[in-house]
>>> print(open('query33.txt').read())   # compact mmCIF, C-alpha atoms and all ligand atoms
# COMPACT_ATOMS: atom_id res chain seq x y z
CA MET A 1 140.80 91.91 116.27
CA LYS A 2 141.63 94.83 118.56
CA LYS A 3 142.11 98.15 116.79
CA LEU A 4 143.16 101.56 118.06
CA ILE A 5 143.47 104.98 116.48
CA VAL A 6 146.08 107.23 118.07
CA TYR A 7 145.64 110.87 117.10
CA SER A 8 146.91 114.25 118.03
CA LYS A 9 144.13 116.56 119.24
CA GLU A 10 140.48 116.60 120.19
CA SER A 11 139.37 119.06 117.52
CA GLY A 12 139.76 119.55 113.78
CA ASN A 13 139.52 117.42 110.66
CA THR A 14 141.48 114.41 111.84
CA HIS A 15 139.46 114.29 115.05
CA LYS A 16 136.22 114.46 113.07
CA VAL A 17 137.09 111.49 110.84
CA CYS A 18 138.56 109.41 113.69
CA SER A 19 135.45 110.00 115.82
CA TYR A 20 133.25 108.85 112.94
CA VAL A 21 135.31 105.69 112.43
CA SER A 22 135.29 104.85 116.12
CA GLY A 23 131.58 105.58 116.43
CA ASN A 24 130.80 103.25 113.54
CA SER A 25 133.17 100.37 114.27
CA ASP A 26 134.81 98.55 117.14
CA THR A 27 137.87 100.79 117.09
CA ASP A 28 139.23 102.48 120.21
CA LEU A 29 140.50 106.05 120.25
CA LYS A 30 143.43 107.58 122.09
CA VAL A 31 144.37 111.23 121.96
CA VAL A 32 148.01 111.95 122.68
CA GLY A 33 149.06 115.27 124.15
CA LYS A 34 152.36 117.09 124.23
CA THR A 35 153.88 114.80 126.84
CA THR A 36 151.96 111.53 126.41
CA LYS A 37 154.21 108.50 126.60
CA TYR A 38 153.58 105.11 125.04
CA ASP A 39 151.54 103.04 127.51
CA LEU A 40 149.06 100.69 125.87
CA PRO A 41 147.60 97.21 126.22
CA TYR A 42 148.02 94.86 123.25
CA TYR A 43 146.38 95.89 119.96
CA ASP A 44 146.43 93.96 116.68
CA VAL A 45 146.24 97.20 114.72
CA ILE A 46 147.38 100.69 115.69
CA ILE A 47 146.52 103.52 113.30
CA LEU A 48 148.41 106.77 113.79
CA ALA A 49 146.29 109.69 112.59
CA SER A 50 147.29 113.29 111.93
CA GLY A 51 146.95 116.33 109.74
CA VAL A 52 149.90 117.20 107.51
CA TYR A 53 151.67 120.41 108.54
CA MET A 54 154.46 121.59 106.23
CA ASN A 55 155.34 117.99 105.31
CA HIS A 56 155.20 116.73 108.92
CA VAL A 57 152.70 114.95 111.12
CA HIS A 58 151.57 116.66 114.32
CA ALA A 59 154.31 117.14 116.93
CA ASN A 60 152.29 115.18 119.51
CA ILE A 61 152.47 112.08 117.31
CA LEU A 62 156.22 112.48 116.94
CA THR A 63 156.62 112.87 120.70
CA TRP A 64 154.53 109.79 121.30
CA ILE A 65 156.56 107.69 118.83
CA ASN A 66 159.80 108.94 120.35
CA SER A 67 158.63 107.73 123.76
CA ILE A 68 158.44 104.11 122.55
CA GLU A 69 161.32 102.04 123.85
CA LYS A 70 163.19 100.24 121.11
CA ASN A 71 162.06 96.68 120.34
CA THR A 72 159.36 96.61 123.02
CA ILE A 73 156.30 96.43 120.74
CA ASP A 74 154.77 93.00 120.06
CA SER A 75 155.75 92.09 116.50
CA ASN A 76 152.16 90.98 115.81
CA THR A 77 150.93 94.55 116.13
CA LYS A 78 150.57 96.22 112.75
CA PHE A 79 151.02 99.99 112.44
CA TYR A 80 149.25 102.12 109.83
CA LEU A 81 149.00 105.83 109.07
CA PHE A 82 145.96 107.97 108.30
CA LEU A 83 146.45 111.57 107.17
CA THR A 84 144.20 114.54 106.51
CA TRP A 85 145.67 117.19 104.20
CA PHE A 86 145.01 119.90 101.59
CA GLY A 87 146.57 117.84 98.83
CA ARG A 88 149.74 119.93 98.54
CA GLY A 89 152.42 118.26 96.40
CA ASN A 90 153.99 115.19 97.95
CA SER A 91 153.59 116.42 101.52
CA ASP A 92 151.59 113.29 102.40
CA LYS A 93 154.50 111.13 101.26
CA SER A 94 156.96 113.26 103.23
CA ALA A 95 154.87 112.84 106.37
CA PHE A 96 154.58 109.10 105.73
CA ASP A 97 158.35 108.75 105.22
CA GLU A 98 159.03 110.65 108.43
CA VAL A 99 156.79 108.34 110.47
CA LYS A 100 158.17 105.26 108.71
CA GLN A 101 161.75 106.21 109.62
CA LEU A 102 160.92 107.07 113.21
CA LEU A 103 159.08 103.80 113.77
CA LYS A 104 161.84 101.85 112.06
CA ALA A 105 164.29 103.23 114.60
CA LYS A 106 162.04 101.69 117.27
CA GLY A 107 162.03 98.33 115.54
CA ILE A 108 158.50 98.82 114.18
CA GLU A 109 157.41 98.44 110.56
CA LEU A 110 154.89 101.00 109.24
CA GLU A 111 152.59 99.35 106.68
CA ASP A 112 152.83 100.99 103.26
CA ASN A 113 149.12 101.30 102.50
CA TYR A 114 148.46 104.56 104.29
CA MET A 115 145.10 106.31 104.00
CA LYS A 116 144.43 109.98 103.42
CA CYS A 117 141.53 112.35 102.93
CA PHE A 118 141.16 116.07 102.36
CA GLY A 119 140.67 118.39 105.29
CA LYS A 120 139.62 122.02 105.19
CA GLY A 121 141.69 124.84 106.59
CA MET A 122 143.21 128.24 105.96
CA GLY A 123 139.95 129.85 104.81
CA MET A 124 138.77 128.52 101.46
CA ILE A 125 140.85 125.43 100.79
CA ARG A 126 138.96 122.08 100.62
CA ILE A 127 136.15 123.80 102.47
CA SER A 128 133.70 120.88 102.18
CA HIS A 129 136.10 118.30 103.62
CA PRO A 130 136.18 115.99 105.38
CA ASN A 131 132.64 115.12 104.27
CA GLU A 132 130.53 112.04 104.86
CA GLU A 133 132.00 110.22 101.88
CA ASP A 134 135.52 110.84 103.20
CA CYS A 135 134.51 109.47 106.59
CA LYS A 136 132.91 106.39 105.02
CA ASN A 137 136.01 105.70 102.90
CA VAL A 138 138.26 105.85 105.95
CA LEU A 139 135.86 103.57 107.81
CA LEU A 140 135.97 101.04 104.94
CA TRP A 141 139.78 101.15 104.93
CA THR A 142 139.89 100.67 108.70
CA ASN A 143 137.49 97.73 108.56
CA LYS A 144 139.72 95.94 106.04
CA LEU A 145 142.86 96.18 108.18
C1 LIG B 201 150.28 125.25 109.50
C2 LIG B 201 149.64 124.31 108.49
C3 LIG B 201 150.45 123.66 107.59
C4 LIG B 201 149.88 122.80 106.64
N1 LIG B 201 150.70 122.15 105.75
C5 LIG B 201 150.14 121.33 104.82
C6 LIG B 201 150.97 120.64 103.89
O1 LIG B 201 152.19 120.68 103.91
N2 LIG B 201 150.34 119.86 102.96
C7 LIG B 201 148.97 119.74 102.90
O2 LIG B 201 148.48 119.06 102.00
N3 LIG B 201 148.17 120.34 103.81
C8 LIG B 201 148.72 121.13 104.77
N4 LIG B 201 147.93 121.74 105.69
C9 LIG B 201 146.51 121.41 105.73
C10 LIG B 201 146.23 120.40 106.84
O3 LIG B 201 146.97 119.22 106.66
C11 LIG B 201 144.73 120.01 106.85
O4 LIG B 201 143.93 121.15 107.06
C12 LIG B 201 144.48 118.95 107.93
O5 LIG B 201 143.20 118.40 107.73
C13 LIG B 201 144.61 119.52 109.33
O6 LIG B 201 144.28 118.54 110.26
P1 LIG B 201 143.62 118.88 111.68
O7 LIG B 201 142.34 119.67 111.42
O8 LIG B 201 143.35 117.56 112.30
O9 LIG B 201 144.65 119.70 112.40
C14 LIG B 201 148.47 122.61 106.62
C15 LIG B 201 147.67 123.29 107.55
C16 LIG B 201 148.23 124.12 108.47
C17 LIG B 201 147.35 124.83 109.45
>>> encode(input="query33.txt", output="structure tokens", more="lines below")
Ligand SMILES: Cc1cc2nc3c(=O)[nH]c(=O)nc-3n(C[C@H](O)[C@H](O)[C@H](O)COP(=O)(O)O)c2cc1C
Amino acid sequence: MKKLIVYSKESGNTHKVCSYVSGNSDTDLKVVGKTTKYDLPYYDVIILASGVYMNHVHANILTWINSIEKNTIDSNTKFYLFLTWFGRGNSDKSAFDEVKQLLKAKGIELEDNYMKCFGKGMGMIRISHPNEEDCKNVLLWTNKL
């Protein structure tokens, strides 16, 4: 089972959790930048990973999804979403819905069981996260996919 995590930047909370998961499992990592286009070998599982920013995922993830040519992804590949966030309202759901719609337009189904964990930021909010327990929970989720 080949698994890959695609995430948006090489620093921050999402990076921390994704690095832990990759370091403790057989999961590859790919960081996408501002202009990265879809160019991957076959994976059984692709996890898109991002912080939540005002109800959206990171712009680099959106750019990367937009670069996928319609109906070119092997239908055996399953796509999932992992989010880090403060826990503000339904912003996780908004981010999920956005990614779901974008992928759908490319002929790709986003699996509904997305994963999330808290991530610190803006001074005092969720200052202890992501902690080791968060990382372990995301690893467990990844291992079950
Ligand atoms: C500009 C900005 C906007 C954010 N908007 C939200 C939000 O809408 N909902 C939420 O729960 N967290 C929000 N957060 C918190 C981030 O999602 C959280 O800190 C996340 O872990 C950041 O991921 P990163 O460190 O990988 O960039 C926001 C943070 C920033 C800096």
>>> closest_atom_pairs(input="query33.txt", of="chain A", to="ligand LIG 201 (chain B)", cutoff="9 Å", atoms="all atoms listed in the file", output="JSON lines")
{"residue": "A:Tyr7", "atom": "CA", "partner": "B:LIG201", "partner_atom": "O8", "distance": 8.5}
{"residue": "A:Ser8", "atom": "CA", "partner": "B:LIG201", "partner_atom": "O8", "distance": 7.5}
{"residue": "A:Lys9", "atom": "CA", "partner": "B:LIG201", "partner_atom": "O8", "distance": 7.1}
{"residue": "A:Glu10", "atom": "CA", "partner": "B:LIG201", "partner_atom": "O8", "distance": 8.5}
{"residue": "A:Ser11", "atom": "CA", "partner": "B:LIG201", "partner_atom": "O8", "distance": 6.7}
{"residue": "A:Gly12", "atom": "CA", "partner": "B:LIG201", "partner_atom": "O7", "distance": 3.5}
{"residue": "A:Asn13", "atom": "CA", "partner": "B:LIG201", "partner_atom": "O7", "distance": 3.7}
{"residue": "A:Thr14", "atom": "CA", "partner": "B:LIG201", "partner_atom": "O8", "distance": 3.7}
{"residue": "A:His15", "atom": "CA", "partner": "B:LIG201", "partner_atom": "O8", "distance": 5.8}
{"residue": "A:Lys16", "atom": "CA", "partner": "B:LIG201", "partner_atom": "O8", "distance": 7.8}
{"residue": "A:Val17", "atom": "CA", "partner": "B:LIG201", "partner_atom": "O8", "distance": 8.8}
{"residue": "A:Ala49", "atom": "CA", "partner": "B:LIG201", "partner_atom": "O8", "distance": 8.4}
{"residue": "A:Ser50", "atom": "CA", "partner": "B:LIG201", "partner_atom": "O8", "distance": 5.8}
{"residue": "A:Gly51", "atom": "CA", "partner": "B:LIG201", "partner_atom": "O6", "distance": 3.5}
{"residue": "A:Val52", "atom": "CA", "partner": "B:LIG201", "partner_atom": "O3", "distance": 3.7}
{"residue": "A:Tyr53", "atom": "CA", "partner": "B:LIG201", "partner_atom": "N1", "distance": 3.4}
{"residue": "A:Met54", "atom": "CA", "partner": "B:LIG201", "partner_atom": "O1", "distance": 3.4}
{"residue": "A:Asn55", "atom": "CA", "partner": "B:LIG201", "partner_atom": "O1", "distance": 4.4}
{"residue": "A:His56", "atom": "CA", "partner": "B:LIG201", "partner_atom": "O1", "distance": 7.1}
{"residue": "A:Val57", "atom": "CA", "partner": "B:LIG201", "partner_atom": "O3", "distance": 8.4}
{"residue": "A:His58", "atom": "CA", "partner": "B:LIG201", "partner_atom": "O9", "distance": 7.8}
{"residue": "A:Leu83", "atom": "CA", "partner": "B:LIG201", "partner_atom": "O5", "distance": 7.6}
{"residue": "A:Thr84", "atom": "CA", "partner": "B:LIG201", "partner_atom": "O5", "distance": 4.2}
{"residue": "A:Trp85", "atom": "CA", "partner": "B:LIG201", "partner_atom": "O3", "distance": 3.4}
{"residue": "A:Phe86", "atom": "CA", "partner": "B:LIG201", "partner_atom": "O2", "distance": 3.6}
{"residue": "A:Gly87", "atom": "CA", "partner": "B:LIG201", "partner_atom": "O2", "distance": 3.9}
{"residue": "A:Arg88", "atom": "CA", "partner": "B:LIG201", "partner_atom": "O2", "distance": 3.8}
{"residue": "A:Gly89", "atom": "CA", "partner": "B:LIG201", "partner_atom": "O2", "distance": 6.9}
{"residue": "A:Asn90", "atom": "CA", "partner": "B:LIG201", "partner_atom": "N2", "distance": 7.8}
{"residue": "A:Ser91", "atom": "CA", "partner": "B:LIG201", "partner_atom": "N2", "distance": 4.9}
{"residue": "A:Asp92", "atom": "CA", "partner": "B:LIG201", "partner_atom": "O2", "distance": 6.6}
{"residue": "A:Ser94", "atom": "CA", "partner": "B:LIG201", "partner_atom": "O1", "distance": 8.8}
{"residue": "A:Ala95", "atom": "CA", "partner": "B:LIG201", "partner_atom": "O1", "distance": 8.6}
{"residue": "A:Cys117", "atom": "CA", "partner": "B:LIG201", "partner_atom": "O5", "distance": 7.9}
{"residue": "A:Phe118", "atom": "CA", "partner": "B:LIG201", "partner_atom": "O5", "distance": 6.2}
{"residue": "A:Gly119", "atom": "CA", "partner": "B:LIG201", "partner_atom": "O5", "distance": 3.5}
{"residue": "A:Lys120", "atom": "CA", "partner": "B:LIG201", "partner_atom": "O4", "distance": 4.8}
{"residue": "A:Gly121", "atom": "CA", "partner": "B:LIG201", "partner_atom": "O4", "distance": 4.3}
{"residue": "A:Met122", "atom": "CA", "partner": "B:LIG201", "partner_atom": "C17", "distance": 6.4}
{"residue": "A:Ile125", "atom": "CA", "partner": "B:LIG201", "partner_atom": "O4", "distance": 8.2}
{"residue": "A:Arg126", "atom": "CA", "partner": "B:LIG201", "partner_atom": "O4", "distance": 8.2}
{"residue": "A:His129", "atom": "CA", "partner": "B:LIG201", "partner_atom": "O5", "distance": 8.2}
{"residue": "A:Pro130", "atom": "CA", "partner": "B:LIG201", "partner_atom": "O5", "distance": 7.8}
>>> closest_residue(input="query33.txt", among="A:Thr36, A:Thr142, A:Ser67, A:Ser128", to="Lys116 in chain A", atoms="all atoms listed in the file")
A:Thr142
>>> atom_distance(input="query33.txt", atom1="CA of Lys78 in chain A", atom2="CA of Asp112 in chain A")
10.9 Å
>>> atom_distance(input="query33.txt", atom1="CA of Tyr80 in chain A", atom2="CA of Gly23 in chain A")
19.2 Å
>>> atom_distance(input="query33.txt", atom1="CA of Asp44 in chain A", atom2="CA of Trp141 in chain A")
15.3 Å
>>> closest_residue(input="query33.txt", among="A:Met115, A:Pro41, A:Ile47, A:Leu62", to="Glu98 in chain A", atoms="all atoms listed in the file")
A:Leu62
>>> residues_around(input="query33.txt", residues="Asn60 in chain A", least_positions_apart="4", cutoff="7 Å", atoms="only C-alpha atoms", output="ChimeraX atom specification")
/A:8,32-34,64
>>> residues_near_point(input="query33.txt", point="(162.2, 95.4, 122.4)", cutoff="12 Å", atoms="only C-alpha atoms", output="PyMOL selection string")
chain A and resi 68-75+105-108
>>> closest_residue(input="query33.txt", among="A:Ala59, A:Ile127, A:Leu48, A:Asn143", to="Lys100 in chain A", atoms="all atoms listed in the file")
A:Leu48
>>> decode(input="query33.txt", residues="range 66-113 of chain A", atoms="N, CA and C atoms", output="PDB file, in the first residue's frame")
ATOM      1  N   ASN A  66      -5.774  22.466  -8.573  1.00  0.00           N
ATOM      2  CA  ASN A  66      -6.190  23.080  -9.841  1.00  0.00           C
ATOM      3  C   ASN A  66      -5.325  22.636 -11.015  1.00  0.00           C
ATOM      4  N   SER A  67      -4.101  22.211 -10.719  1.00  0.00           N
ATOM      5  CA  SER A  67      -3.195  21.793 -11.801  1.00  0.00           C
ATOM      6  C   SER A  67      -3.474  20.364 -12.282  1.00  0.00           C
ATOM      7  N   ILE A  68      -4.357  19.648 -11.583  1.00  0.00           N
ATOM      8  CA  ILE A  68      -4.671  18.271 -11.996  1.00  0.00           C
ATOM      9  C   ILE A  68      -5.566  18.311 -13.234  1.00  0.00           C
ATOM     10  N   GLU A  69      -5.179  17.572 -14.237  1.00  0.00           N
ATOM     11  CA  GLU A  69      -6.045  17.515 -15.426  1.00  0.00           C
ATOM     12  C   GLU A  69      -7.230  16.600 -15.155  1.00  0.00           C
ATOM     13  N   LYS A  70      -8.382  17.039 -15.609  1.00  0.00           N
ATOM     14  CA  LYS A  70      -9.628  16.316 -15.339  1.00  0.00           C
ATOM     15  C   LYS A  70      -9.559  14.855 -15.775  1.00  0.00           C
ATOM     16  N   ASN A  71     -10.042  13.972 -14.912  1.00  0.00           N
ATOM     17  CA  ASN A  71     -10.153  12.542 -15.202  1.00  0.00           C
ATOM     18  C   ASN A  71      -8.830  11.874 -15.590  1.00  0.00           C
ATOM     19  N   THR A  72      -7.735  12.321 -14.997  1.00  0.00           N
ATOM     20  CA  THR A  72      -6.441  11.694 -15.288  1.00  0.00           C
ATOM     21  C   THR A  72      -5.921  10.855 -14.108  1.00  0.00           C
ATOM     22  N   ILE A  73      -6.578  10.956 -12.964  1.00  0.00           N
ATOM     23  CA  ILE A  73      -6.102  10.226 -11.784  1.00  0.00           C
ATOM     24  C   ILE A  73      -6.690   8.814 -11.772  1.00  0.00           C
ATOM     25  N   ASP A  74      -5.838   7.831 -11.510  1.00  0.00           N
ATOM     26  CA  ASP A  74      -6.278   6.430 -11.405  1.00  0.00           C
ATOM     27  C   ASP A  74      -7.411   6.333 -10.381  1.00  0.00           C
ATOM     28  N   SER A  75      -8.510   5.705 -10.785  1.00  0.00           N
ATOM     29  CA  SER A  75      -9.679   5.675  -9.893  1.00  0.00           C
ATOM     30  C   SER A  75      -9.442   4.817  -8.648  1.00  0.00           C
ATOM     31  N   ASN A  76      -8.342   4.052  -8.625  1.00  0.00           N
ATOM     32  CA  ASN A  76      -8.026   3.269  -7.421  1.00  0.00           C
ATOM     33  C   ASN A  76      -7.374   4.118  -6.329  1.00  0.00           C
ATOM     34  N   THR A  77      -6.892   5.278  -6.696  1.00  0.00           N
ATOM     35  CA  THR A  77      -6.266   6.152  -5.698  1.00  0.00           C
ATOM     36  C   THR A  77      -7.341   6.802  -4.844  1.00  0.00           C
ATOM     37  N   LYS A  78      -7.173   6.683  -3.518  1.00  0.00           N
ATOM     38  CA  LYS A  78      -8.141   7.306  -2.612  1.00  0.00           C
ATOM     39  C   LYS A  78      -7.546   8.587  -2.037  1.00  0.00           C
ATOM     40  N   PHE A  79      -8.345   9.638  -2.019  1.00  0.00           N
ATOM     41  CA  PHE A  79      -7.907  10.935  -1.500  1.00  0.00           C
ATOM     42  C   PHE A  79      -8.550  11.212  -0.134  1.00  0.00           C
ATOM     43  N   TYR A  80      -7.725  11.702   0.782  1.00  0.00           N
ATOM     44  CA  TYR A  80      -8.195  12.059   2.124  1.00  0.00           C
ATOM     45  C   TYR A  80      -7.684  13.451   2.465  1.00  0.00           C
ATOM     46  N   LEU A  81      -8.255  14.019   3.535  1.00  0.00           N
ATOM     47  CA  LEU A  81      -7.837  15.354   3.983  1.00  0.00           C
ATOM     48  C   LEU A  81      -7.468  15.322   5.457  1.00  0.00           C
ATOM     49  N   PHE A  82      -6.347  15.956   5.777  1.00  0.00           N
ATOM     50  CA  PHE A  82      -5.955  16.154   7.179  1.00  0.00           C
ATOM     51  C   PHE A  82      -5.779  17.651   7.413  1.00  0.00           C
ATOM     52  N   LEU A  83      -6.420  18.156   8.481  1.00  0.00           N
ATOM     53  CA  LEU A  83      -6.383  19.589   8.777  1.00  0.00           C
ATOM     54  C   LEU A  83      -5.828  19.853  10.173  1.00  0.00           C
ATOM     55  N   THR A  84      -5.043  20.926  10.322  1.00  0.00           N
ATOM     56  CA  THR A  84      -4.775  21.464  11.652  1.00  0.00           C
ATOM     57  C   THR A  84      -5.518  22.795  11.749  1.00  0.00           C
ATOM     58  N   TRP A  85      -6.024  23.090  12.951  1.00  0.00           N
ATOM     59  CA  TRP A  85      -6.889  24.273  13.107  1.00  0.00           C
ATOM     60  C   TRP A  85      -6.970  24.675  14.572  1.00  0.00           C
ATOM     61  N   PHE A  86      -7.537  25.866  14.822  1.00  0.00           N
ATOM     62  CA  PHE A  86      -7.794  26.340  16.192  1.00  0.00           C
ATOM     63  C   PHE A  86      -9.024  25.699  16.802  1.00  0.00           C
ATOM     64  N   GLY A  87      -9.939  25.261  15.940  1.00  0.00           N
ATOM     65  CA  GLY A  87     -11.236  24.790  16.409  1.00  0.00           C
ATOM     66  C   GLY A  87     -12.307  25.859  16.282  1.00  0.00           C
ATOM     67  N   ARG A  88     -12.162  26.771  15.336  1.00  0.00           N
ATOM     68  CA  ARG A  88     -13.120  27.871  15.195  1.00  0.00           C
ATOM     69  C   ARG A  88     -14.342  27.438  14.383  1.00  0.00           C
ATOM     70  N   GLY A  89     -15.498  27.399  15.048  1.00  0.00           N
ATOM     71  CA  GLY A  89     -16.778  27.129  14.380  1.00  0.00           C
ATOM     72  C   GLY A  89     -16.742  25.903  13.489  1.00  0.00           C
ATOM     73  N   ASN A  90     -17.291  26.070  12.292  1.00  0.00           N
ATOM     74  CA  ASN A  90     -17.303  24.983  11.310  1.00  0.00           C
ATOM     75  C   ASN A  90     -16.257  25.207  10.225  1.00  0.00           C
ATOM     76  N   SER A  91     -15.182  25.911  10.559  1.00  0.00           N
ATOM     77  CA  SER A  91     -14.208  26.261   9.517  1.00  0.00           C
ATOM     78  C   SER A  91     -13.521  25.016   8.947  1.00  0.00           C
ATOM     79  N   ASP A  92     -13.440  23.952   9.756  1.00  0.00           N
ATOM     80  CA  ASP A  92     -12.878  22.694   9.231  1.00  0.00           C
ATOM     81  C   ASP A  92     -13.776  22.134   8.132  1.00  0.00           C
ATOM     82  N   LYS A  93     -15.083  22.181   8.388  1.00  0.00           N
ATOM     83  CA  LYS A  93     -16.064  21.667   7.417  1.00  0.00           C
ATOM     84  C   LYS A  93     -16.042  22.509   6.134  1.00  0.00           C
ATOM     85  N   SER A  94     -15.904  23.827   6.317  1.00  0.00           N
ATOM     86  CA  SER A  94     -15.840  24.701   5.135  1.00  0.00           C
ATOM     87  C   SER A  94     -14.628  24.354   4.281  1.00  0.00           C
ATOM     88  N   ALA A  95     -13.491  24.136   4.946  1.00  0.00           N
ATOM     89  CA  ALA A  95     -12.266  23.787   4.218  1.00  0.00           C
ATOM     90  C   ALA A  95     -12.437  22.428   3.528  1.00  0.00           C
ATOM     91  N   PHE A  96     -13.044  21.493   4.242  1.00  0.00           N
ATOM     92  CA  PHE A  96     -13.284  20.169   3.658  1.00  0.00           C
ATOM     93  C   PHE A  96     -14.175  20.290   2.413  1.00  0.00           C
ATOM     94  N   ASP A  97     -15.273  21.040   2.552  1.00  0.00           N
ATOM     95  CA  ASP A  97     -16.214  21.185   1.433  1.00  0.00           C
ATOM     96  C   ASP A  97     -15.540  21.811   0.217  1.00  0.00           C
ATOM     97  N   GLU A  98     -14.670  22.776   0.478  1.00  0.00           N
ATOM     98  CA  GLU A  98     -13.963  23.449  -0.616  1.00  0.00           C
ATOM     99  C   GLU A  98     -13.102  22.435  -1.393  1.00  0.00           C
ATOM    100  N   VAL A  99     -12.351  21.626  -0.645  1.00  0.00           N
ATOM    101  CA  VAL A  99     -11.467  20.643  -1.283  1.00  0.00           C
ATOM    102  C   VAL A  99     -12.301  19.577  -1.996  1.00  0.00           C
ATOM    103  N   LYS A 100     -13.394  19.180  -1.357  1.00  0.00           N
ATOM    104  CA  LYS A 100     -14.273  18.158  -1.955  1.00  0.00           C
ATOM    105  C   LYS A 100     -14.793  18.633  -3.324  1.00  0.00           C
ATOM    106  N   GLN A 101     -15.252  19.871  -3.370  1.00  0.00           N
ATOM    107  CA  GLN A 101     -15.792  20.421  -4.624  1.00  0.00           C
ATOM    108  C   GLN A 101     -14.721  20.531  -5.702  1.00  0.00           C
ATOM    109  N   LEU A 102     -13.556  21.023  -5.296  1.00  0.00           N
ATOM    110  CA  LEU A 102     -12.470  21.199  -6.269  1.00  0.00           C
ATOM    111  C   LEU A 102     -12.041  19.868  -6.862  1.00  0.00           C
ATOM    112  N   LEU A 103     -11.911  18.855  -5.998  1.00  0.00           N
ATOM    113  CA  LEU A 103     -11.507  17.534  -6.478  1.00  0.00           C
ATOM    114  C   LEU A 103     -12.598  16.931  -7.366  1.00  0.00           C
ATOM    115  N   LYS A 104     -13.839  17.139  -6.956  1.00  0.00           N
ATOM    116  CA  LYS A 104     -14.959  16.599  -7.734  1.00  0.00           C
ATOM    117  C   LYS A 104     -14.904  17.118  -9.173  1.00  0.00           C
ATOM    118  N   ALA A 105     -14.557  18.381  -9.306  1.00  0.00           N
ATOM    119  CA  ALA A 105     -14.462  18.983 -10.647  1.00  0.00           C
ATOM    120  C   ALA A 105     -13.356  18.330 -11.481  1.00  0.00           C
ATOM    121  N   LYS A 106     -12.429  17.652 -10.798  1.00  0.00           N
ATOM    122  CA  LYS A 106     -11.350  16.939 -11.495  1.00  0.00           C
ATOM    123  C   LYS A 106     -11.662  15.460 -11.656  1.00  0.00           C
ATOM    124  N   GLY A 107     -12.868  15.076 -11.265  1.00  0.00           N
ATOM    125  CA  GLY A 107     -13.269  13.678 -11.367  1.00  0.00           C
ATOM    126  C   GLY A 107     -12.741  12.814 -10.233  1.00  0.00           C
ATOM    127  N   ILE A 108     -12.400  13.464  -9.104  1.00  0.00           N
ATOM    128  CA  ILE A 108     -11.823  12.738  -7.963  1.00  0.00           C
ATOM    129  C   ILE A 108     -12.758  12.854  -6.761  1.00  0.00           C
ATOM    130  N   GLU A 109     -12.955  11.720  -6.082  1.00  0.00           N
ATOM    131  CA  GLU A 109     -13.796  11.700  -4.890  1.00  0.00           C
ATOM    132  C   GLU A 109     -12.912  11.926  -3.650  1.00  0.00           C
ATOM    133  N   LEU A 110     -13.272  12.882  -2.809  1.00  0.00           N
ATOM    134  CA  LEU A 110     -12.575  13.048  -1.522  1.00  0.00           C
ATOM    135  C   LEU A 110     -13.318  12.232  -0.480  1.00  0.00           C
ATOM    136  N   GLU A 111     -12.602  11.325   0.197  1.00  0.00           N
ATOM    137  CA  GLU A 111     -13.238  10.472   1.215  1.00  0.00           C
ATOM    138  C   GLU A 111     -13.753  11.358   2.357  1.00  0.00           C
ATOM    139  N   ASP A 112     -14.892  10.946   2.938  1.00  0.00           N
ATOM    140  CA  ASP A 112     -15.541  11.807   3.929  1.00  0.00           C
ATOM    141  C   ASP A 112     -14.872  11.811   5.299  1.00  0.00           C
ATOM    142  N   ASN A 113     -14.149  10.745   5.619  1.00  0.00           N
ATOM    143  CA  ASN A 113     -13.574  10.675   6.975  1.00  0.00           C
ATOM    144  C   ASN A 113     -12.266  11.461   7.072  1.00  0.00           C
TER     145      ASN A 113
END
